[in-house]
>>> print(open('target06.csv').read())   # CSV, C-alpha atoms
chain,number,residue,atom,x,y,z
A,186,MET,CA,176.9,303.4,22.1
A,187,ILE,CA,175.5,306.9,21.5
A,188,PRO,CA,174.0,307.1,18.0
A,189,ASP,CA,175.5,309.6,15.7
A,190,GLN,CA,172.1,311.0,15.0
A,191,LEU,CA,171.7,311.9,18.7
A,192,LEU,CA,175.0,313.8,18.7
A,193,ASP,CA,174.0,315.6,15.5
A,194,ASP,CA,170.7,316.6,17.1
A,195,LEU,CA,172.4,317.9,20.1
A,196,GLN,CA,174.8,319.9,18.0
A,197,THR,CA,171.9,321.3,15.9
A,198,ALA,CA,170.2,322.4,19.2
A,199,GLN,CA,173.5,324.0,20.2
A,200,LEU,CA,173.7,321.9,23.3
A,201,LEU,CA,177.1,320.4,22.1
A,202,SER,CA,179.9,322.0,20.3
A,203,ALA,CA,181.7,320.3,17.4
A,204,ALA,CA,184.7,319.6,19.6
A,205,GLN,CA,182.6,318.0,22.4
A,206,ALA,CA,180.7,315.9,19.9
A,207,ALA,CA,184.0,314.7,18.4
A,208,ALA,CA,185.3,313.9,21.8
A,209,ILE,CA,182.2,311.8,22.7
A,210,ARG,CA,182.4,309.9,19.4
A,211,GLU,CA,186.1,309.2,20.1
A,212,ASP,CA,185.4,308.0,23.6
A,213,GLU,CA,182.5,305.8,22.5
A,214,GLN,CA,184.5,304.1,19.8
A,215,HIS,CA,187.6,303.4,21.9
A,216,ARG,CA,186.1,302.8,25.4
A,217,PRO,CA,186.9,299.3,26.8
A,218,PHE,CA,183.9,297.0,27.0
A,219,SER,CA,183.3,295.8,30.6
A,220,LEU,CA,183.1,292.1,31.1
A,221,HIS,CA,182.5,292.5,34.9
A,222,TYR,CA,179.1,290.8,35.1
A,223,GLU,CA,179.9,288.2,32.5
A,224,LEU,CA,183.0,287.2,34.5
A,225,ARG,CA,181.1,287.1,37.8
A,226,ALA,CA,178.4,284.9,36.2
A,227,ALA,CA,181.0,282.6,34.8
A,228,LEU,CA,182.8,282.3,38.1
A,229,TYR,CA,179.5,281.6,40.0
A,230,LEU,CA,178.6,279.0,37.4
A,231,GLY,CA,182.1,277.5,37.7
A,232,VAL,CA,181.8,277.2,41.5
A,233,THR,CA,178.4,275.6,41.2
A,234,LEU,CA,179.6,273.1,38.5
A,235,LEU,CA,182.7,272.3,40.5
A,236,ALA,CA,180.8,271.5,43.6
A,237,GLY,CA,178.2,269.5,41.7
A,238,GLY,CA,180.8,267.7,39.6
A,239,LEU,CA,182.9,266.7,42.5
A,240,GLY,CA,179.8,265.3,44.2
A,241,VAL,CA,178.9,263.2,41.2
A,242,LEU,CA,182.6,262.0,40.7
A,243,LEU,CA,182.9,261.0,44.4
A,244,TYR,CA,179.6,259.1,44.2
A,245,GLN,CA,180.6,257.2,41.1
A,246,HIS,CA,184.0,256.2,42.4
A,247,LEU,CA,183.4,255.9,46.1
A,248,SER,CA,184.5,252.3,46.4
A,249,ASP,CA,187.7,253.0,44.5
A,250,ILE,CA,188.7,256.2,46.3
A,251,GLY,CA,187.8,255.4,49.9
A,252,HIS,CA,186.2,257.5,52.6
A,253,GLY,CA,189.5,258.7,54.1
A,254,VAL,CA,190.7,260.1,50.8
A,255,ILE,CA,187.4,261.9,50.1
A,256,ILE,CA,187.3,263.4,53.6
A,257,GLY,CA,190.9,264.5,53.4
A,258,SER,CA,190.6,266.0,49.9
A,259,MET,CA,187.5,267.9,50.9
A,260,GLY,CA,189.1,269.2,54.0
A,261,LEU,CA,192.3,270.3,52.3
A,262,LEU,CA,190.3,272.0,49.5
A,263,MET,CA,188.2,273.7,52.1
A,264,VAL,CA,191.2,274.9,54.1
A,265,ALA,CA,192.9,276.1,50.9
A,266,SER,CA,189.7,278.1,50.0
A,267,PHE,CA,189.6,279.8,53.4
A,268,GLY,CA,193.3,280.4,53.3
A,269,TYR,CA,193.1,282.1,49.9
A,270,ALA,CA,190.2,284.3,51.1
A,271,ILE,CA,192.2,285.3,54.3
A,272,TRP,CA,195.3,286.0,52.2
A,273,HIS,CA,193.4,288.4,50.0
A,274,LYS,CA,191.2,289.9,52.7
A,275,GLN,CA,190.7,293.7,52.7
A,276,PRO,CA,190.9,295.6,56.0
A,277,PHE,CA,187.7,295.4,58.1
A,278,THR,CA,185.3,298.3,57.9
A,279,TRP,CA,181.7,298.8,59.0
A,280,GLY,CA,181.0,300.2,55.6
A,281,GLN,CA,181.0,298.3,52.3
A,282,THR,CA,184.4,296.8,51.4
A,283,ARG,CA,185.7,297.5,48.0
A,284,PRO,CA,187.8,294.4,47.1
A,285,ALA,CA,190.5,294.5,44.5
A,286,SER,CA,189.1,291.4,42.9
A,287,PHE,CA,185.8,289.5,43.2
A,288,VAL,CA,187.6,286.1,43.1
A,289,PRO,CA,188.2,285.8,46.9
A,290,ASP,CA,184.4,286.2,47.5
A,291,TYR,CA,183.7,283.2,45.4
A,292,VAL,CA,186.5,281.2,46.8
A,293,LEU,CA,185.2,281.9,50.3
A,294,LEU,CA,181.7,280.8,49.1
A,295,LEU,CA,183.3,277.6,47.8
A,296,GLY,CA,184.9,277.0,51.1
A,297,CYS,CA,181.6,277.4,52.9
A,298,LEU,CA,179.9,275.0,50.5
A,299,LEU,CA,182.7,272.5,51.0
A,300,PHE,CA,182.2,272.8,54.8
A,301,LEU,CA,178.5,272.0,54.5
A,302,ALA,CA,179.3,269.1,52.2
A,303,LEU,CA,182.0,267.7,54.6
A,304,GLU,CA,179.6,268.1,57.6
A,305,THR,CA,176.9,266.2,55.7
A,306,TYR,CA,179.2,263.5,54.5
A,307,LEU,CA,180.5,262.9,58.1
A,308,GLN,CA,176.9,262.7,59.4
A,309,VAL,CA,175.6,260.4,56.7
A,310,GLN,CA,178.6,258.1,56.6
A,311,TYR,CA,179.7,258.0,60.2
A,312,ASN,CA,176.8,259.5,62.1
A,313,PHE,CA,179.3,262.0,63.4
A,314,PHE,CA,176.7,264.1,65.3
A,315,GLY,CA,174.5,261.2,66.3
A,316,SER,CA,171.1,262.4,67.3
A,317,TYR,CA,172.4,265.9,68.1
A,318,TYR,CA,170.8,267.5,65.1
A,319,ARG,CA,170.8,270.9,66.7
A,320,LEU,CA,174.6,270.8,66.8
A,321,ALA,CA,174.8,270.0,63.1
A,322,THR,CA,172.7,273.1,62.3
A,323,ILE,CA,174.1,275.6,64.7
A,324,ILE,CA,177.8,275.0,63.7
A,325,PRO,CA,177.4,276.5,60.2
A,326,ALA,CA,175.5,279.5,61.7
A,327,VAL,CA,178.3,280.1,64.2
A,328,LEU,CA,180.9,279.8,61.5
A,329,PHE,CA,179.2,281.6,58.6
A,330,LEU,CA,177.8,284.7,60.4
A,331,PRO,CA,181.2,285.9,61.7
A,332,LEU,CA,182.8,285.1,58.3
A,333,ALA,CA,180.2,287.2,56.5
A,334,TYR,CA,181.1,290.2,58.6
A,335,HIS,CA,184.8,289.5,58.6
A,336,PHE,CA,184.9,289.2,54.8
A,337,ASP,CA,181.9,291.4,54.0
A,338,GLN,CA,180.2,288.6,52.0
A,339,ARG,CA,176.4,288.8,51.7
A,340,GLY,CA,176.1,285.3,50.2
A,341,VAL,CA,177.8,283.8,53.3
A,342,LEU,CA,175.5,285.9,55.5
A,343,ALA,CA,172.4,284.4,53.8
A,344,MET,CA,173.8,280.9,54.3
A,345,GLY,CA,174.4,281.7,58.0
A,346,LEU,CA,170.9,283.1,58.5
A,347,THR,CA,169.5,280.0,56.8
A,348,ALA,CA,171.5,277.8,59.1
A,349,LEU,CA,170.2,279.8,62.1
A,350,ALA,CA,166.6,279.4,61.0
A,351,SER,CA,167.2,275.6,60.6
A,352,TRP,CA,168.6,275.5,64.1
A,353,VAL,CA,165.6,277.2,65.5
A,354,GLY,CA,163.3,274.8,63.7
A,355,VAL,CA,165.2,271.7,64.9
A,356,SER,CA,165.4,273.0,68.4
A,357,ILE,CA,161.7,273.9,68.8
A,358,ALA,CA,160.0,271.0,67.0
A,359,PRO,CA,161.9,268.2,65.4
A,360,LEU,CA,160.0,266.9,62.4
A,361,SER,CA,157.0,268.9,63.3
A,362,ALA,CA,156.4,269.8,59.7
A,363,PHE,CA,155.5,266.1,59.1
A,364,THR,CA,153.2,265.7,62.1
A,365,GLU,CA,149.7,266.9,62.9
A,366,ASN,CA,150.5,267.9,66.5
A,367,SER,CA,149.0,271.3,66.9
A,368,LEU,CA,151.1,272.2,69.9
A,369,LEU,CA,154.4,271.6,68.0
A,370,SER,CA,153.1,273.4,64.9
A,371,SER,CA,152.0,276.4,67.1
A,372,ARG,CA,155.4,276.6,68.8
A,373,LEU,CA,157.2,276.3,65.4
A,374,GLY,CA,155.1,279.1,63.9
A,375,GLY,CA,155.7,281.3,66.9
A,376,ALA,CA,159.4,280.7,66.8
A,377,ALA,CA,159.5,281.5,63.1
A,378,VAL,CA,157.7,284.8,63.7
A,379,LEU,CA,159.9,285.8,66.5
A,380,LEU,CA,163.1,284.9,64.5
A,381,GLY,CA,161.8,286.8,61.5
A,382,LEU,CA,161.1,289.9,63.6
A,383,ALA,CA,164.5,289.6,65.2
A,384,LEU,CA,166.2,289.4,61.8
A,385,THR,CA,164.1,292.3,60.5
A,386,GLY,CA,165.1,294.3,63.6
A,387,ALA,CA,168.8,293.4,63.0
A,388,GLY,CA,168.4,294.7,59.4
A,389,LEU,CA,166.9,298.0,60.5
A,390,TYR,CA,169.7,298.4,63.1
A,391,SER,CA,172.3,297.8,60.4
A,392,ASP,CA,170.8,300.5,58.3
A,393,PHE,CA,170.1,303.2,60.9
A,394,ALA,CA,173.3,302.5,62.9
A,395,ASP,CA,175.4,302.3,59.7
A,396,ARG,CA,176.8,298.9,60.7
A,397,LYS,CA,177.2,297.0,57.4
A,398,ARG,CA,174.3,298.9,56.0
A,399,HIS,CA,174.3,296.9,52.8
A,400,PHE,CA,173.5,293.8,54.9
A,401,ALA,CA,170.1,295.3,55.8
A,402,PHE,CA,168.6,294.0,52.5
A,403,THR,CA,169.5,290.4,53.3
A,404,TYR,CA,168.3,290.6,56.9
A,405,ILE,CA,165.0,292.3,56.2
A,406,SER,CA,164.1,290.3,53.1
A,407,LEU,CA,164.7,286.9,54.8
A,408,GLY,CA,163.4,288.0,58.2
A,409,ALA,CA,160.2,289.7,57.0
A,410,ASN,CA,159.4,286.9,54.6
A,411,LEU,CA,159.8,284.4,57.4
A,412,ALA,CA,157.7,286.3,59.9
A,413,LEU,CA,154.9,287.1,57.4
A,414,LEU,CA,154.8,283.6,55.9
A,415,ALA,CA,154.5,281.9,59.3
A,416,ALA,CA,151.9,284.4,60.5
A,417,THR,CA,149.9,284.1,57.2
A,418,VAL,CA,149.9,280.3,57.4
A,419,SER,CA,148.8,280.4,61.0
A,420,LEU,CA,146.0,282.9,60.1
A,421,PHE,CA,144.6,280.5,57.4
A,422,ASP,CA,144.9,277.5,59.7
A,423,PHE,CA,143.8,279.5,62.8
A,424,TYR,CA,141.9,276.7,64.6
A,425,LEU,CA,144.8,274.2,64.1
A,426,TYR,CA,148.1,276.1,64.3
A,427,SER,CA,147.4,279.5,65.9
A,428,PHE,CA,149.9,280.8,68.4
A,429,LEU,CA,148.2,284.3,68.7
A,430,PRO,CA,144.6,285.5,68.7
A,431,GLU,CA,143.3,286.1,65.2
A,432,ALA,CA,143.0,289.8,65.7
A,433,LEU,CA,146.7,290.0,66.8
A,434,LEU,CA,147.8,287.9,63.8
A,435,VAL,CA,145.9,290.3,61.5
A,436,LEU,CA,147.5,293.4,63.1
A,437,LEU,CA,150.9,291.8,63.0
A,438,ILE,CA,150.7,291.0,59.3
A,439,LEU,CA,149.2,294.4,58.3
A,440,GLY,CA,151.6,296.3,60.6
A,441,LEU,CA,154.7,294.5,59.1
A,442,SER,CA,153.3,294.9,55.6
A,443,ALA,CA,152.9,298.7,56.2
A,444,GLY,CA,156.4,298.8,57.6
A,445,LEU,CA,157.8,297.1,54.5
A,446,VAL,CA,156.0,299.7,52.3
A,447,TRP,CA,157.5,302.5,54.4
A,448,TYR,CA,161.0,300.9,54.2
A,449,ALA,CA,160.6,300.4,50.4
A,450,ARG,CA,160.1,304.1,50.1
A,451,ARG,CA,163.1,304.8,52.2
A,452,SER,CA,165.4,302.3,50.4
A,453,HIS,CA,163.7,302.6,46.9
A,454,SER,CA,163.2,298.8,46.8
A,455,TYR,CA,160.7,297.2,44.5
A,456,LEU,CA,161.0,293.9,46.4
A,457,PHE,CA,160.0,295.3,49.8
A,458,LEU,CA,157.1,297.2,48.1
A,459,LEU,CA,155.9,294.0,46.5
A,460,MET,CA,156.3,292.0,49.7
A,461,GLY,CA,154.2,294.5,51.7
A,462,ALA,CA,151.6,294.8,49.0
A,463,VAL,CA,151.2,291.0,48.5
A,464,TYR,CA,151.0,290.0,52.2
A,465,GLY,CA,148.8,293.0,52.9
A,466,TYR,CA,146.5,292.1,50.0
A,467,ILE,CA,146.2,288.4,51.1
A,468,THR,CA,145.3,289.5,54.7
A,469,ILE,CA,142.7,292.0,53.6
A,470,THR,CA,141.2,289.5,51.2
A,471,TYR,CA,141.0,287.0,54.0
A,472,LEU,CA,139.2,289.5,56.2
A,473,PHE,CA,136.8,290.5,53.4
A,474,PHE,CA,135.7,286.9,52.8
A,475,GLN,CA,135.4,286.3,56.5
A,476,LEU,CA,133.0,289.2,56.4
A,477,LEU,CA,131.1,287.7,53.5
A,478,ASP,CA,130.7,284.4,55.3
A,479,SER,CA,129.1,286.2,58.2
A,480,GLY,CA,125.7,285.9,56.6
A,481,LEU,CA,125.3,288.5,53.8
A,482,GLY,CA,123.4,286.0,51.6
A,483,GLU,CA,123.1,286.7,47.9
A,484,ALA,CA,124.8,290.1,48.2
A,485,ALA,CA,128.0,288.3,49.0
A,486,PHE,CA,128.5,287.3,45.4
A,487,MET,CA,128.1,290.8,44.1
A,488,LEU,CA,130.4,292.2,46.8
A,489,GLY,CA,133.0,289.6,45.9
A,490,MET,CA,132.9,290.6,42.2
A,491,LEU,CA,133.2,294.3,43.1
A,492,TYR,CA,136.1,293.5,45.4
A,493,PHE,CA,138.1,291.7,42.8
A,494,VAL,CA,137.5,294.4,40.2
A,495,GLY,CA,138.6,297.0,42.7
A,496,SER,CA,141.6,295.0,43.8
A,497,ALA,CA,142.6,294.5,40.2
A,498,ALA,CA,142.5,298.3,39.6
A,499,GLY,CA,144.6,298.7,42.7
A,500,VAL,CA,147.2,296.3,41.4
A,501,ILE,CA,147.3,298.2,38.1
A,502,TYR,CA,147.7,301.5,40.0
A,503,LEU,CA,150.5,300.0,42.0
A,504,PHE,CA,152.5,298.9,39.0
A,505,VAL,CA,151.9,302.1,37.0
A,506,ASN,CA,152.8,304.3,39.9
A,507,ALA,CA,155.6,302.2,41.5
A,508,LYS,CA,158.3,304.7,40.7
A,509,LYS,CA,156.3,307.6,42.3
A,510,ILE,CA,155.5,305.5,45.4
A,511,LEU,CA,159.2,304.7,45.7
A,512,ARG,CA,160.2,308.3,45.0
A,513,LEU,CA,162.1,307.4,41.9
A,514,ALA,CA,160.2,309.8,39.6
>>> encode(input="target06.csv", output="structure tokens")
Amino acid sequence: MIPDQLLDDLQTAQLLSAAQAAAIREDEQHRPFSLHYELRAALYLGVTLLAGGLGVLLYQHLSDIGHGVIIGSMGLLMVASFGYAIWHKQPFTWGQTRPASFVPDYVLLLGCLLFLALETYLQVQYNFFGSYYRLATIIPAVLFLPLAYHFDQRGVLAMGLTALASWVGVSIAPLSAFTENSLLSSRLGGAAVLLGLALTGAGLYSDFADRKRHFAFTYISLGANLALLAATVSLFDFYLYSFLPEALLVLLILGLSAGLVWYARRSHSYLFLLMGAVYGYITITYLFFQLLDSGLGEAAFMLGMLYFVGSAAGVIYLFVNAKKILRLA
């Protein structure tokens, strides 16, 4: 609501006429209050509670209901969700779809969650996929990614990309995260970096080619995080899990961090600016302390203190001037 004092000041400064001020007051008093975000939050919470509540109910009454009834009910509800989404689907466009209602998006999300629940239930109860874990992870990716484009749903896109990352991990090194085999860990880290770079490239293509440009944020945020995290972990555990020479790892992290800062300025995104700054700062700090360990003696402590003071000033500068860096001011 615009305060009456502000309207009076604008009238006094002769920036508004009396008729204009009266029209603004009338509009502010009778304008409908939007419940858009409240309804979306309530619907999202409802989908989450429904999925969780059904899981608890089935677990508590499993012996009474029976596996066949559970599988059939989940399957029917999943098909009904996909059918509702298809029935209310908007015509496909490479731009951003403007749906008449946000309900079909959440019904589609519910159908995808039910698919994952049904797949997991079949594997746990009947060992449906056997030892073919790659098949269990690639099926959601193959299903969700086309659905995300078909229905223009970024939540489903994120689920599909997560399933794709899981498939790559399972394919490269099953259970390698729980082993100490450096070969497997190196291969897994290299695959994570390659997949992250591929997803980042897909996001840039979406943006520059104007093919679902609004998907670029999801692609780049997931892909760049995956690549930078894998490369940073490999850098700190260089002698155990390195898949690249240390100098190339440093160049990769700093180059991708600089690219994120550049893209943050292009897209006016605080998240990409923060990602580039954080990963770049971690790598520069790593290099600085590697230099201190090279034999500077007592001077290392003083240089370390100066570095942290200088980096703290840099962080303050970043937050104070974030809008200028992103060209928002």
>>> residues_around(input="target06.csv", residues="Ile324 in chain A", least_positions_apart="5", cutoff="10 Å", atoms="only C-alpha atoms", output="list in words")
Leu301, Glu304, Arg319, Phe329, Gly345, Ala348, Leu349 and Trp352 of chain A
>>> write_last_selection(input="target06.csv", atoms="C-alpha atoms", output="PDB file, in the frame of the given file")
ATOM      1  CA  LEU A 301     178.500 272.000  54.500  1.00  0.00           C
ATOM      2  CA  GLU A 304     179.600 268.100  57.600  1.00  0.00           C
ATOM      3  CA  ARG A 319     170.800 270.900  66.700  1.00  0.00           C
ATOM      4  CA  PHE A 329     179.200 281.600  58.600  1.00  0.00           C
ATOM      5  CA  GLY A 345     174.400 281.700  58.000  1.00  0.00           C
ATOM      6  CA  ALA A 348     171.500 277.800  59.100  1.00  0.00           C
ATOM      7  CA  LEU A 349     170.200 279.800  62.100  1.00  0.00           C
ATOM      8  CA  TRP A 352     168.600 275.500  64.100  1.00  0.00           C
TER       9      TRP A 352
END
>>> atom_distance(input="target06.csv", atom1="CA of Thr322 in chain A", atom2="CA of Ser351 in chain A")
6.3 Å
>>> residues_around(input="target06.csv", residues="Ala416 in chain A", least_positions_apart="4", cutoff="7 Å", atoms="all atoms listed in the file", output="ChimeraX atom specification")
/A:378,412,420,434,438
>>> residues_around(input="target06.csv", residues="range 287-298 of chain A", least_positions_apart="2", cutoff="8 Å", atoms="all atoms listed in the file", output="mmCIF file with C-alpha atoms, in the coordinates of the input")
data_model
loop_
_atom_site.group_PDB
_atom_site.id
_atom_site.type_symbol
_atom_site.label_atom_id
_atom_site.label_comp_id
_atom_site.auth_asym_id
_atom_site.auth_seq_id
_atom_site.Cartn_x
_atom_site.Cartn_y
_atom_site.Cartn_z
ATOM 1 C CA ARG A 225 181.100 287.100 37.800
ATOM 2 C CA LEU A 228 182.800 282.300 38.100
ATOM 3 C CA TYR A 229 179.500 281.600 40.000
ATOM 4 C CA VAL A 232 181.800 277.200 41.500
ATOM 5 C CA ALA A 236 180.800 271.500 43.600
ATOM 6 C CA LEU A 262 190.300 272.000 49.500
ATOM 7 C CA MET A 263 188.200 273.700 52.100
ATOM 8 C CA VAL A 264 191.200 274.900 54.100
ATOM 9 C CA SER A 266 189.700 278.100 50.000
ATOM 10 C CA PHE A 267 189.600 279.800 53.400
ATOM 11 C CA TYR A 269 193.100 282.100 49.900
ATOM 12 C CA ALA A 270 190.200 284.300 51.100
ATOM 13 C CA HIS A 273 193.400 288.400 50.000
ATOM 14 C CA LYS A 274 191.200 289.900 52.700
ATOM 15 C CA PRO A 284 187.800 294.400 47.100
ATOM 16 C CA ALA A 285 190.500 294.500 44.500
ATOM 17 C CA PHE A 300 182.200 272.800 54.800
ATOM 18 C CA LEU A 301 178.500 272.000 54.500
ATOM 19 C CA ALA A 302 179.300 269.100 52.200
ATOM 20 C CA PHE A 329 179.200 281.600 58.600
ATOM 21 C CA PHE A 336 184.900 289.200 54.800
ATOM 22 C CA GLN A 338 180.200 288.600 52.000
ATOM 23 C CA GLY A 340 176.100 285.300 50.200
ATOM 24 C CA VAL A 341 177.800 283.800 53.300
#
>>> atom_distance(input="target06.csv", atom1="CA of Gly465 in chain A", atom2="CA of Leu441 in chain A")
8.7 Å
>>> closest_residue(input="target06.csv", among="A:Tyr464, A:Leu342, A:Leu201, A:Asn410", to="Leu328 in chain A", atoms="all atoms listed in the file")
A:Leu342
>>> atom_distance(input="target06.csv", atom1="CA of Gly354 in chain A", atom2="CA of Ser316 in chain A")
15.1 Å
